[in-house]
file target.txt (compact mmCIF, N, CA and C atoms)
# COMPACT_ATOMS: atom_id res chain seq x y z
N MET I 1 -142.72 -72.91 19.81
CA MET I 1 -143.95 -72.64 19.07
C MET I 1 -143.62 -71.70 17.90
N ILE I 2 -144.16 -72.00 16.75
CA ILE I 2 -143.99 -71.14 15.58
C ILE I 2 -145.35 -70.59 15.19
N ARG I 3 -145.37 -69.28 14.96
CA ARG I 3 -146.62 -68.62 14.57
C ARG I 3 -146.31 -67.49 13.60
N GLU I 4 -147.36 -67.06 12.89
CA GLU I 4 -147.20 -65.92 11.99
C GLU I 4 -147.05 -64.64 12.81
N ALA I 5 -146.12 -63.80 12.40
CA ALA I 5 -145.88 -62.53 13.09
C ALA I 5 -147.05 -61.59 12.88
N ASN I 6 -147.28 -60.74 13.87
CA ASN I 6 -148.31 -59.72 13.74
C ASN I 6 -147.66 -58.34 13.87
N LYS I 7 -148.45 -57.30 13.73
CA LYS I 7 -147.91 -55.93 13.75
C LYS I 7 -147.17 -55.61 15.05
N LYS I 8 -147.64 -56.16 16.15
CA LYS I 8 -146.99 -55.90 17.44
C LYS I 8 -145.57 -56.49 17.49
N ASP I 9 -145.33 -57.55 16.72
CA ASP I 9 -144.03 -58.22 16.73
C ASP I 9 -142.97 -57.48 15.92
N TYR I 10 -143.41 -56.67 14.94
CA TYR I 10 -142.47 -56.10 13.98
C TYR I 10 -141.35 -55.24 14.57
N PRO I 11 -141.61 -54.39 15.56
CA PRO I 11 -140.48 -53.61 16.10
C PRO I 11 -139.36 -54.51 16.64
N GLU I 12 -139.74 -55.56 17.37
CA GLU I 12 -138.73 -56.46 17.91
C GLU I 12 -138.04 -57.25 16.80
N LEU I 13 -138.81 -57.70 15.81
CA LEU I 13 -138.21 -58.44 14.69
C LEU I 13 -137.25 -57.56 13.90
N CYS I 14 -137.62 -56.31 13.66
CA CYS I 14 -136.74 -55.39 12.94
C CYS I 14 -135.46 -55.14 13.73
N ALA I 15 -135.56 -55.01 15.04
CA ALA I 15 -134.38 -54.82 15.87
C ALA I 15 -133.48 -56.05 15.80
N MET I 16 -134.07 -57.24 15.82
CA MET I 16 -133.28 -58.47 15.69
C MET I 16 -132.59 -58.52 14.34
N ALA I 17 -133.32 -58.19 13.28
CA ALA I 17 -132.76 -58.25 11.93
C ALA I 17 -131.58 -57.30 11.77
N LYS I 18 -131.64 -56.15 12.41
CA LYS I 18 -130.55 -55.18 12.31
C LYS I 18 -129.27 -55.67 12.97
N GLN I 19 -129.39 -56.63 13.89
CA GLN I 19 -128.22 -57.18 14.56
C GLN I 19 -127.42 -58.12 13.67
N ASP I 20 -128.06 -58.64 12.62
CA ASP I 20 -127.41 -59.60 11.74
C ASP I 20 -126.95 -58.91 10.47
N LYS I 21 -125.66 -58.89 10.22
CA LYS I 21 -125.13 -58.18 9.05
C LYS I 21 -125.55 -58.83 7.74
N PHE I 22 -126.07 -60.05 7.79
CA PHE I 22 -126.47 -60.73 6.55
C PHE I 22 -127.94 -60.54 6.21
N VAL I 23 -128.74 -60.06 7.15
CA VAL I 23 -130.16 -59.83 6.86
C VAL I 23 -130.28 -58.52 6.11
N ARG I 24 -130.90 -58.60 4.95
CA ARG I 24 -131.07 -57.40 4.12
C ARG I 24 -132.29 -56.63 4.59
N ASP I 25 -132.90 -55.89 3.69
CA ASP I 25 -134.10 -55.13 4.03
C ASP I 25 -135.14 -56.08 4.62
N PHE I 26 -135.63 -55.76 5.76
CA PHE I 26 -136.58 -56.63 6.42
C PHE I 26 -137.87 -55.89 6.72
N PRO I 27 -139.01 -56.43 6.38
CA PRO I 27 -139.17 -57.39 5.29
C PRO I 27 -139.06 -56.68 3.95
N ALA I 28 -138.56 -57.35 2.96
CA ALA I 28 -138.25 -56.72 1.68
C ALA I 28 -139.50 -56.44 0.85
N ILE I 29 -140.37 -57.42 0.71
CA ILE I 29 -141.55 -57.29 -0.15
C ILE I 29 -142.73 -57.92 0.58
N SER I 30 -143.85 -57.23 0.63
CA SER I 30 -145.01 -57.85 1.26
C SER I 30 -145.93 -58.49 0.22
N TYR I 31 -146.15 -57.81 -0.89
CA TYR I 31 -146.95 -58.40 -1.96
C TYR I 31 -146.69 -57.65 -3.25
N ARG I 32 -146.22 -58.36 -4.24
CA ARG I 32 -145.96 -57.75 -5.53
C ARG I 32 -145.85 -58.86 -6.58
N TRP I 33 -146.41 -58.65 -7.73
CA TRP I 33 -146.33 -59.59 -8.85
C TRP I 33 -146.77 -61.00 -8.48
N GLY I 34 -147.76 -61.10 -7.61
CA GLY I 34 -148.27 -62.42 -7.26
C GLY I 34 -147.52 -63.08 -6.12
N TRP I 35 -146.54 -62.39 -5.54
CA TRP I 35 -145.80 -62.93 -4.40
C TRP I 35 -146.48 -62.50 -3.11
N GLU I 36 -146.63 -63.41 -2.21
CA GLU I 36 -147.22 -63.10 -0.91
C GLU I 36 -146.18 -63.39 0.18
N GLY I 37 -145.63 -62.32 0.77
CA GLY I 37 -144.60 -62.48 1.78
C GLY I 37 -145.20 -62.54 3.18
N LYS I 38 -144.64 -63.43 3.99
CA LYS I 38 -145.08 -63.56 5.37
C LYS I 38 -143.87 -63.81 6.26
N VAL I 39 -144.00 -63.38 7.51
CA VAL I 39 -142.97 -63.60 8.51
C VAL I 39 -143.53 -64.54 9.57
N PHE I 40 -142.76 -65.57 9.90
CA PHE I 40 -143.13 -66.49 10.96
C PHE I 40 -142.04 -66.44 12.01
N LEU I 41 -142.43 -66.55 13.26
CA LEU I 41 -141.44 -66.48 14.33
C LEU I 41 -141.54 -67.67 15.26
N ALA I 42 -140.42 -67.96 15.90
CA ALA I 42 -140.35 -69.02 16.91
C ALA I 42 -140.29 -68.35 18.27
N GLU I 43 -141.12 -68.83 19.18
CA GLU I 43 -141.13 -68.29 20.54
C GLU I 43 -140.69 -69.38 21.52
N GLU I 44 -139.94 -68.96 22.51
CA GLU I 44 -139.55 -69.83 23.60
C GLU I 44 -139.81 -69.09 24.90
N LYS I 45 -140.70 -69.62 25.70
CA LYS I 45 -141.06 -69.01 26.99
C LYS I 45 -141.45 -67.54 26.84
N GLY I 46 -142.24 -67.24 25.80
CA GLY I 46 -142.73 -65.88 25.58
C GLY I 46 -141.74 -64.93 24.95
N GLU I 47 -140.55 -65.43 24.61
CA GLU I 47 -139.51 -64.60 24.00
C GLU I 47 -139.33 -65.02 22.54
N ILE I 48 -139.16 -64.04 21.64
CA ILE I 48 -138.91 -64.37 20.24
C ILE I 48 -137.49 -64.92 20.11
N ALA I 49 -137.39 -66.17 19.67
CA ALA I 49 -136.10 -66.83 19.53
C ALA I 49 -135.53 -66.69 18.12
N GLY I 50 -136.39 -66.46 17.15
CA GLY I 50 -135.95 -66.33 15.76
C GLY I 50 -137.14 -66.15 14.84
N PHE I 51 -136.84 -65.97 13.56
CA PHE I 51 -137.90 -65.76 12.57
C PHE I 51 -137.42 -66.17 11.19
N TYR I 52 -138.39 -66.31 10.29
CA TYR I 52 -138.05 -66.41 8.87
C TYR I 52 -139.04 -65.58 8.07
N TYR I 53 -138.55 -65.11 6.93
CA TYR I 53 -139.35 -64.31 6.00
C TYR I 53 -139.32 -65.00 4.65
N ALA I 54 -140.49 -65.34 4.11
CA ALA I 54 -140.56 -66.07 2.85
C ALA I 54 -141.73 -65.57 2.01
N ASN I 55 -141.59 -65.76 0.71
CA ASN I 55 -142.64 -65.44 -0.25
C ASN I 55 -143.09 -66.71 -0.94
N ILE I 56 -144.38 -66.80 -1.17
CA ILE I 56 -144.94 -67.87 -1.99
C ILE I 56 -145.62 -67.21 -3.17
N CYS I 57 -145.23 -67.60 -4.37
CA CYS I 57 -145.80 -67.00 -5.56
C CYS I 57 -147.12 -67.66 -5.90
N LYS I 58 -148.13 -66.85 -6.12
CA LYS I 58 -149.45 -67.38 -6.47
C LYS I 58 -149.53 -67.76 -7.95
N ARG I 59 -148.68 -67.13 -8.80
CA ARG I 59 -148.79 -67.32 -10.25
C ARG I 59 -147.94 -68.46 -10.79
N ILE I 60 -146.82 -68.78 -10.14
CA ILE I 60 -145.95 -69.85 -10.63
C ILE I 60 -145.62 -70.80 -9.50
N ASP I 61 -145.01 -71.92 -9.84
CA ASP I 61 -144.67 -72.96 -8.87
C ASP I 61 -143.34 -72.62 -8.19
N ARG I 62 -143.36 -71.61 -7.31
CA ARG I 62 -142.12 -71.20 -6.66
C ARG I 62 -142.39 -70.57 -5.30
N ALA I 63 -141.47 -70.86 -4.38
CA ALA I 63 -141.45 -70.21 -3.06
C ALA I 63 -140.00 -69.85 -2.77
N THR I 64 -139.80 -68.70 -2.12
CA THR I 64 -138.44 -68.24 -1.82
C THR I 64 -138.33 -67.85 -0.36
N LEU I 65 -137.32 -68.40 0.30
CA LEU I 65 -136.99 -68.04 1.67
C LEU I 65 -135.92 -66.97 1.61
N TYR I 66 -136.22 -65.78 2.14
CA TYR I 66 -135.27 -64.66 2.06
C TYR I 66 -134.40 -64.54 3.30
N GLU I 67 -134.98 -64.68 4.45
CA GLU I 67 -134.21 -64.56 5.68
C GLU I 67 -134.66 -65.61 6.68
N ILE I 68 -133.70 -66.14 7.38
CA ILE I 68 -133.98 -66.95 8.56
C ILE I 68 -132.96 -66.47 9.58
N TYR I 69 -133.43 -66.15 10.77
CA TYR I 69 -132.55 -65.58 11.79
C TYR I 69 -132.89 -66.19 13.14
N VAL I 70 -131.86 -66.58 13.87
CA VAL I 70 -132.03 -67.08 15.23
C VAL I 70 -131.18 -66.20 16.14
N ALA I 71 -131.79 -65.70 17.20
CA ALA I 71 -131.08 -64.86 18.16
C ALA I 71 -129.89 -65.64 18.74
N PRO I 72 -128.75 -64.97 18.94
CA PRO I 72 -127.55 -65.68 19.40
C PRO I 72 -127.77 -66.60 20.61
N ARG I 73 -128.54 -66.17 21.58
CA ARG I 73 -128.72 -67.00 22.78
C ARG I 73 -129.60 -68.22 22.54
N HIS I 74 -130.25 -68.30 21.37
CA HIS I 74 -131.10 -69.44 21.04
C HIS I 74 -130.50 -70.35 19.98
N ARG I 75 -129.28 -70.05 19.56
CA ARG I 75 -128.64 -70.87 18.52
C ARG I 75 -128.18 -72.21 19.09
N ASN I 76 -128.05 -73.17 18.17
CA ASN I 76 -127.63 -74.54 18.52
C ASN I 76 -128.61 -75.24 19.45
N LYS I 77 -129.87 -74.88 19.35
CA LYS I 77 -130.93 -75.51 20.16
C LYS I 77 -132.03 -76.08 19.26
N GLY I 78 -131.83 -76.07 17.95
CA GLY I 78 -132.82 -76.61 17.03
C GLY I 78 -133.86 -75.61 16.55
N VAL I 79 -133.74 -74.34 16.95
CA VAL I 79 -134.72 -73.33 16.54
C VAL I 79 -134.66 -73.11 15.03
N GLY I 80 -133.47 -72.96 14.47
CA GLY I 80 -133.32 -72.76 13.03
C GLY I 80 -133.89 -73.92 12.24
N LYS I 81 -133.62 -75.13 12.70
CA LYS I 81 -134.13 -76.33 12.03
C LYS I 81 -135.66 -76.33 12.02
N LYS I 82 -136.26 -75.99 13.17
CA LYS I 82 -137.73 -75.95 13.25
C LYS I 82 -138.31 -74.88 12.33
N LEU I 83 -137.66 -73.72 12.27
CA LEU I 83 -138.14 -72.66 11.38
C LEU I 83 -138.04 -73.11 9.92
N PHE I 84 -136.91 -73.71 9.54
CA PHE I 84 -136.71 -74.15 8.16
C PHE I 84 -137.71 -75.25 7.80
N GLU I 85 -137.93 -76.19 8.72
CA GLU I 85 -138.91 -77.25 8.46
C GLU I 85 -140.31 -76.68 8.32
N HIS I 86 -140.63 -75.64 9.09
CA HIS I 86 -141.93 -74.98 8.97
C HIS I 86 -142.08 -74.39 7.57
N TYR I 87 -141.02 -73.74 7.08
CA TYR I 87 -141.03 -73.18 5.73
C TYR I 87 -141.29 -74.30 4.71
N LEU I 88 -140.58 -75.41 4.83
CA LEU I 88 -140.74 -76.51 3.88
C LEU I 88 -142.17 -77.05 3.90
N VAL I 89 -142.71 -77.29 5.06
CA VAL I 89 -144.08 -77.83 5.19
C VAL I 89 -145.09 -76.83 4.63
N ARG I 90 -144.91 -75.56 4.96
CA ARG I 90 -145.84 -74.52 4.48
C ARG I 90 -145.86 -74.45 2.96
N THR I 91 -144.69 -74.53 2.34
CA THR I 91 -144.64 -74.44 0.87
C THR I 91 -145.18 -75.70 0.21
N ILE I 92 -144.89 -76.85 0.80
CA ILE I 92 -145.42 -78.10 0.25
C ILE I 92 -146.94 -78.09 0.35
N ASN I 93 -147.47 -77.64 1.49
CA ASN I 93 -148.93 -77.56 1.66
C ASN I 93 -149.56 -76.57 0.69
N ALA I 94 -148.78 -75.58 0.25
CA ALA I 94 -149.28 -74.61 -0.74
C ALA I 94 -149.16 -75.17 -2.16
N GLY I 95 -148.64 -76.38 -2.29
CA GLY I 95 -148.52 -77.02 -3.60
C GLY I 95 -147.32 -76.57 -4.41
N LYS I 96 -146.32 -76.01 -3.76
CA LYS I 96 -145.13 -75.52 -4.47
C LYS I 96 -144.05 -76.60 -4.49
N ASN I 97 -143.48 -76.84 -5.66
CA ASN I 97 -142.42 -77.83 -5.83
C ASN I 97 -141.05 -77.20 -6.06
N ASN I 98 -141.01 -75.92 -6.39
CA ASN I 98 -139.75 -75.23 -6.66
C ASN I 98 -139.46 -74.31 -5.48
N LEU I 99 -138.58 -74.74 -4.59
CA LEU I 99 -138.26 -73.98 -3.39
C LEU I 99 -136.87 -73.39 -3.53
N ARG I 100 -136.73 -72.14 -3.13
CA ARG I 100 -135.44 -71.45 -3.22
C ARG I 100 -135.15 -70.72 -1.93
N TRP I 101 -133.88 -70.56 -1.66
CA TRP I 101 -133.47 -69.68 -0.58
C TRP I 101 -132.12 -69.10 -0.92
N LEU I 102 -131.91 -67.88 -0.46
CA LEU I 102 -130.70 -67.14 -0.80
C LEU I 102 -129.79 -67.06 0.41
N VAL I 103 -128.49 -67.25 0.17
CA VAL I 103 -127.51 -67.18 1.24
C VAL I 103 -126.32 -66.37 0.76
N ASN I 104 -125.93 -65.38 1.53
CA ASN I 104 -124.75 -64.58 1.22
C ASN I 104 -123.51 -65.48 1.28
N LYS I 105 -122.62 -65.36 0.31
CA LYS I 105 -121.42 -66.20 0.26
C LYS I 105 -120.59 -66.09 1.53
N LYS I 106 -120.59 -64.95 2.16
CA LYS I 106 -119.78 -64.74 3.36
C LYS I 106 -120.44 -65.30 4.62
N ASN I 107 -121.68 -65.72 4.52
CA ASN I 107 -122.40 -66.23 5.68
C ASN I 107 -122.13 -67.73 5.84
N LEU I 108 -120.96 -68.04 6.38
CA LEU I 108 -120.54 -69.43 6.51
C LEU I 108 -121.44 -70.23 7.44
N GLY I 109 -121.96 -69.58 8.48
CA GLY I 109 -122.86 -70.27 9.40
C GLY I 109 -124.11 -70.77 8.70
N ALA I 110 -124.68 -69.92 7.84
CA ALA I 110 -125.88 -70.33 7.11
C ALA I 110 -125.55 -71.42 6.10
N SER I 111 -124.42 -71.30 5.42
CA SER I 111 -124.02 -72.34 4.45
C SER I 111 -123.84 -73.68 5.15
N GLN I 112 -123.23 -73.67 6.33
CA GLN I 112 -123.06 -74.90 7.10
C GLN I 112 -124.41 -75.45 7.56
N PHE I 113 -125.30 -74.56 7.97
CA PHE I 113 -126.64 -74.96 8.40
C PHE I 113 -127.36 -75.70 7.28
N TYR I 114 -127.40 -75.11 6.07
CA TYR I 114 -128.10 -75.75 4.96
C TYR I 114 -127.40 -77.04 4.54
N GLY I 115 -126.08 -77.07 4.65
CA GLY I 115 -125.34 -78.30 4.37
C GLY I 115 -125.76 -79.42 5.32
N LYS I 116 -125.90 -79.10 6.62
CA LYS I 116 -126.36 -80.08 7.60
C LYS I 116 -127.77 -80.57 7.29
N MET I 117 -128.56 -79.68 6.69
CA MET I 117 -129.93 -80.04 6.33
C MET I 117 -129.97 -80.85 5.02
N GLY I 118 -128.79 -81.03 4.39
CA GLY I 118 -128.69 -81.87 3.20
C GLY I 118 -128.73 -81.12 1.88
N PHE I 119 -128.55 -79.80 1.89
CA PHE I 119 -128.62 -79.00 0.67
C PHE I 119 -127.27 -78.40 0.33
N GLN I 120 -127.01 -78.27 -0.95
CA GLN I 120 -125.78 -77.67 -1.45
C GLN I 120 -126.13 -76.55 -2.41
N PRO I 121 -125.20 -75.58 -2.61
CA PRO I 121 -125.49 -74.50 -3.57
C PRO I 121 -125.64 -75.07 -4.97
N SER I 122 -126.64 -74.61 -5.69
CA SER I 122 -126.85 -75.10 -7.05
C SER I 122 -126.41 -74.09 -8.10
N LYS I 123 -126.46 -72.81 -7.77
CA LYS I 123 -126.05 -71.76 -8.71
C LYS I 123 -125.35 -70.68 -7.89
N GLU I 124 -124.46 -69.97 -8.53
CA GLU I 124 -123.82 -68.86 -7.82
C GLU I 124 -124.17 -67.56 -8.51
N LYS I 125 -124.59 -66.59 -7.73
CA LYS I 125 -124.82 -65.26 -8.25
C LYS I 125 -123.62 -64.40 -7.86
N GLN I 126 -123.64 -63.16 -8.26
CA GLN I 126 -122.52 -62.28 -8.00
C GLN I 126 -122.24 -62.12 -6.50
N LYS I 127 -123.28 -61.94 -5.69
CA LYS I 127 -123.07 -61.66 -4.28
C LYS I 127 -123.60 -62.75 -3.35
N GLU I 128 -124.31 -63.74 -3.88
CA GLU I 128 -124.90 -64.73 -2.99
C GLU I 128 -125.08 -66.06 -3.68
N TYR I 129 -125.23 -67.10 -2.90
CA TYR I 129 -125.54 -68.43 -3.44
C TYR I 129 -127.05 -68.56 -3.56
N LEU I 130 -127.48 -69.29 -4.53
CA LEU I 130 -128.89 -69.62 -4.68
C LEU I 130 -129.03 -71.12 -4.49
N TYR I 131 -129.73 -71.52 -3.48
CA TYR I 131 -129.99 -72.93 -3.23
C TYR I 131 -131.37 -73.26 -3.79
N GLU I 132 -131.51 -74.43 -4.33
CA GLU I 132 -132.80 -74.89 -4.84
C GLU I 132 -133.01 -76.34 -4.47
N GLU I 133 -134.25 -76.71 -4.32
CA GLU I 133 -134.58 -78.11 -4.10
C GLU I 133 -135.96 -78.37 -4.69
N LYS I 134 -136.04 -79.42 -5.48
CA LYS I 134 -137.33 -79.85 -6.02
C LYS I 134 -137.90 -80.91 -5.10
N ILE I 135 -139.15 -80.76 -4.76
CA ILE I 135 -139.82 -81.76 -3.92
C ILE I 135 -140.93 -82.38 -4.76
N HIS I 136 -140.96 -83.68 -4.82
CA HIS I 136 -141.97 -84.36 -5.64
C HIS I 136 -143.04 -84.97 -4.79

call {"tool": "encode", "arguments": {"input": "target.txt", "output": "structure tokens"}}
result
Amino acid sequence: MIREANKKDYPELCAMAKQDKFVRDFPAISYRWGWEGKVFLAEEKGEIAGFYYANICKRIDRATLYEIYVAPRHRNKGVGKKLFEHYLVRTINAGKNNLRWLVNKKNLGASQFYGKMGFQPSKEKQKEYLYEEKIH
């Protein structure tokens, strides 16, 4: 089950995020310059299996996925795929066609994950890859 995180979930989500060396400030931005950030989590048998943090811009046609994290014991069970698909559906339903997500160059697991999902890096920044996909 995937649902929007609430205040009670944040201590556990922050603890999970700190375990992953690739997760940056969590959550980084809640609302600024027309961006609305939200955290969604996946639960399995009452336990948080993973989460994602994304922003949808109200002013322009863009959505950005900042973090997606799956707890080690829940990996390779389709949790990451379900979270990513939730992000895609949510942004499409919001009418966004320009979707982005950031991946640290050293995060080979994430790069392989997005590759399996059919995406490749489109631009390279100094410290991370920027993936983009246009949906029509």

call {"tool": "atom_distance", "arguments": {"input": "target.txt", "atom1": "atom N of Lys77 (chain I)", "atom2": "atom N of Phe51 (chain I)"}}
result
12.7 Å

call {"tool": "closest_residue", "arguments": {"input": "target.txt", "among": "I:Tyr10, I:Tyr129, I:Phe119, I:Phe84", "to": "Val103 (chain I)", "atoms": "all atoms listed in the file"}}
result
I:Tyr129

call {"tool": "atom_distance", "arguments": {"input": "target.txt", "atom1": "CA of Asn76 (chain I)", "atom2": "atom N of Lys45 (chain I)"}}
result
15.7 Å

call {"tool": "residues_around", "arguments": {"input": "target.txt", "residues": "region 106-114 of chain I", "least_positions_apart": "3", "cutoff": "8 Å", "atoms": "only N, CA and C atoms", "output": "PyMOL selection string"}}
result
chain I and resi 22+103+117-121+127-129

call {"tool": "residues_around", "arguments": {"input": "target.txt", "residues": "Tyr53 (chain I)", "least_positions_apart": "6", "cutoff": "6 Å", "atoms": "only C-alpha atoms", "output": "count of residues only"}}
result
4

call {"tool": "residues_near_point", "arguments": {"input": "target.txt", "point": "(-149.7, -74.8, -2.0)", "cutoff": "10 Å", "atoms": "only C-alpha atoms", "output": "compact mmCIF listing (two decimals) with N, CA and C atoms, in the coordinates of the input"}}
result
# COMPACT_ATOMS: atom_id res chain seq x y z
N ILE I 56 -144.38 -66.80 -1.17
CA ILE I 56 -144.94 -67.87 -1.99
C ILE I 56 -145.62 -67.21 -3.17
N CYS I 57 -145.23 -67.60 -4.37
CA CYS I 57 -145.80 -67.00 -5.56
C CYS I 57 -147.12 -67.66 -5.90
N LYS I 58 -148.13 -66.85 -6.12
CA LYS I 58 -149.45 -67.38 -6.47
C LYS I 58 -149.53 -67.76 -7.95
N ASP I 61 -145.01 -71.92 -9.84
CA ASP I 61 -144.67 -72.96 -8.87
C ASP I 61 -143.34 -72.62 -8.19
N ARG I 62 -143.36 -71.61 -7.31
CA ARG I 62 -142.12 -71.20 -6.66
C ARG I 62 -142.39 -70.57 -5.30
N ALA I 63 -141.47 -70.86 -4.38
CA ALA I 63 -141.45 -70.21 -3.06
C ALA I 63 -140.00 -69.85 -2.77
N VAL I 89 -142.71 -77.29 5.06
CA VAL I 89 -144.08 -77.83 5.19
C VAL I 89 -145.09 -76.83 4.63
N ARG I 90 -144.91 -75.56 4.96
CA ARG I 90 -145.84 -74.52 4.48
C ARG I 90 -145.86 -74.45 2.96
N THR I 91 -144.69 -74.53 2.34
CA THR I 91 -144.64 -74.44 0.87
C THR I 91 -145.18 -75.70 0.21
N ILE I 92 -144.89 -76.85 0.80
CA ILE I 92 -145.42 -78.10 0.25
C ILE I 92 -146.94 -78.09 0.35
N ASN I 93 -147.47 -77.64 1.49
CA ASN I 93 -148.93 -77.56 1.66
C ASN I 93 -149.56 -76.57 0.69
N ALA I 94 -148.78 -75.58 0.25
CA ALA I 94 -149.28 -74.61 -0.74
C ALA I 94 -149.16 -75.17 -2.16
N GLY I 95 -148.64 -76.38 -2.29
CA GLY I 95 -148.52 -77.02 -3.60
C GLY I 95 -147.32 -76.57 -4.41
N LYS I 96 -146.32 -76.01 -3.76
CA LYS I 96 -145.13 -75.52 -4.47
C LYS I 96 -144.05 -76.60 -4.49
N ASN I 97 -143.48 -76.84 -5.66
CA ASN I 97 -142.42 -77.83 -5.83
C ASN I 97 -141.05 -77.20 -6.06

call {"tool": "closest_residue", "arguments": {"input": "target.txt", "among": "I:Glu133, I:Glu47, I:Glu4, I:Asp9", "to": "Val70 (chain I)", "atoms": "only C-alpha atoms"}}
result
I:Glu47

call {"tool": "residues_near_point", "arguments": {"input": "target.txt", "point": "(-132.2, -69.0, -1.6)", "cutoff": "6 Å", "atoms": "only N, CA and C atoms", "output": "PyMOL selection string"}}
result
chain I and resi 65+100-103+129-131

call {"tool": "atom_distance", "arguments": {"input": "target.txt", "atom1": "CA of Arg73 (chain I)", "atom2": "CA of Asn6 (chain I)"}}
result
22.8 Å

call {"tool": "select_by_dssp", "arguments": {"input": "target.txt", "residues": "chain I", "states": "strand (DSSP E or B)", "output": "PyMOL selection string"}}
result
chain I and resi 2-4+31-32+35-44+47-57+63-70+98-104+123-124+128-134

call {"tool": "closest_residue", "arguments": {"input": "target.txt", "among": "I:Leu99, I:Cys14, I:Ile48, I:Leu41", "to": "Ala71 (chain I)", "atoms": "all atoms listed in the file"}}
result
I:Ile48

call {"tool": "select_by_dssp", "arguments": {"input": "target.txt", "residues": "chain I", "states": "alpha helix (DSSP H)", "output": "JSON, numbers by chain"}}
result
{"I": [10, 11, 12, 13, 14, 15, 16, 17, 18, 19, 79, 80, 81, 82, 83, 84, 85, 86, 87, 88, 89, 90, 91, 92, 93, 108, 109, 110, 111, 112, 113, 114, 115, 116]}

call {"tool": "residues_around", "arguments": {"input": "target.txt", "residues": "Glu43 (chain I)", "least_positions_apart": "6", "cutoff": "8 Å", "atoms": "all atoms listed in the file", "output": "PDB file with N, CA and C atoms, in the frame of the given file"}}
result
ATOM      1  N   MET I   1    -142.720 -72.910  19.810  1.00  0.00           N
ATOM      2  CA  MET I   1    -143.950 -72.640  19.070  1.00  0.00           C
ATOM      3  C   MET I   1    -143.620 -71.700  17.900  1.00  0.00           C
ATOM      4  N   ILE I   2    -144.160 -72.000  16.750  1.00  0.00           N
ATOM      5  CA  ILE I   2    -143.990 -71.140  15.580  1.00  0.00           C
ATOM      6  C   ILE I   2    -145.350 -70.590  15.190  1.00  0.00           C
ATOM      7  N   ARG I   3    -145.370 -69.280  14.960  1.00  0.00           N
ATOM      8  CA  ARG I   3    -146.620 -68.620  14.570  1.00  0.00           C
ATOM      9  C   ARG I   3    -146.310 -67.490  13.600  1.00  0.00           C
ATOM     10  N   ALA I  49    -137.390 -66.170  19.670  1.00  0.00           N
ATOM     11  CA  ALA I  49    -136.100 -66.830  19.530  1.00  0.00           C
ATOM     12  C   ALA I  49    -135.530 -66.690  18.120  1.00  0.00           C
ATOM     13  N   GLY I  50    -136.390 -66.460  17.150  1.00  0.00           N
ATOM     14  CA  GLY I  50    -135.950 -66.330  15.760  1.00  0.00           C
ATOM     15  C   GLY I  50    -137.140 -66.150  14.840  1.00  0.00           C
ATOM     16  N   PHE I  51    -136.840 -65.970  13.560  1.00  0.00           N
ATOM     17  CA  PHE I  51    -137.900 -65.760  12.570  1.00  0.00           C
ATOM     18  C   PHE I  51    -137.420 -66.170  11.190  1.00  0.00           C
TER      19      PHE I  51
END
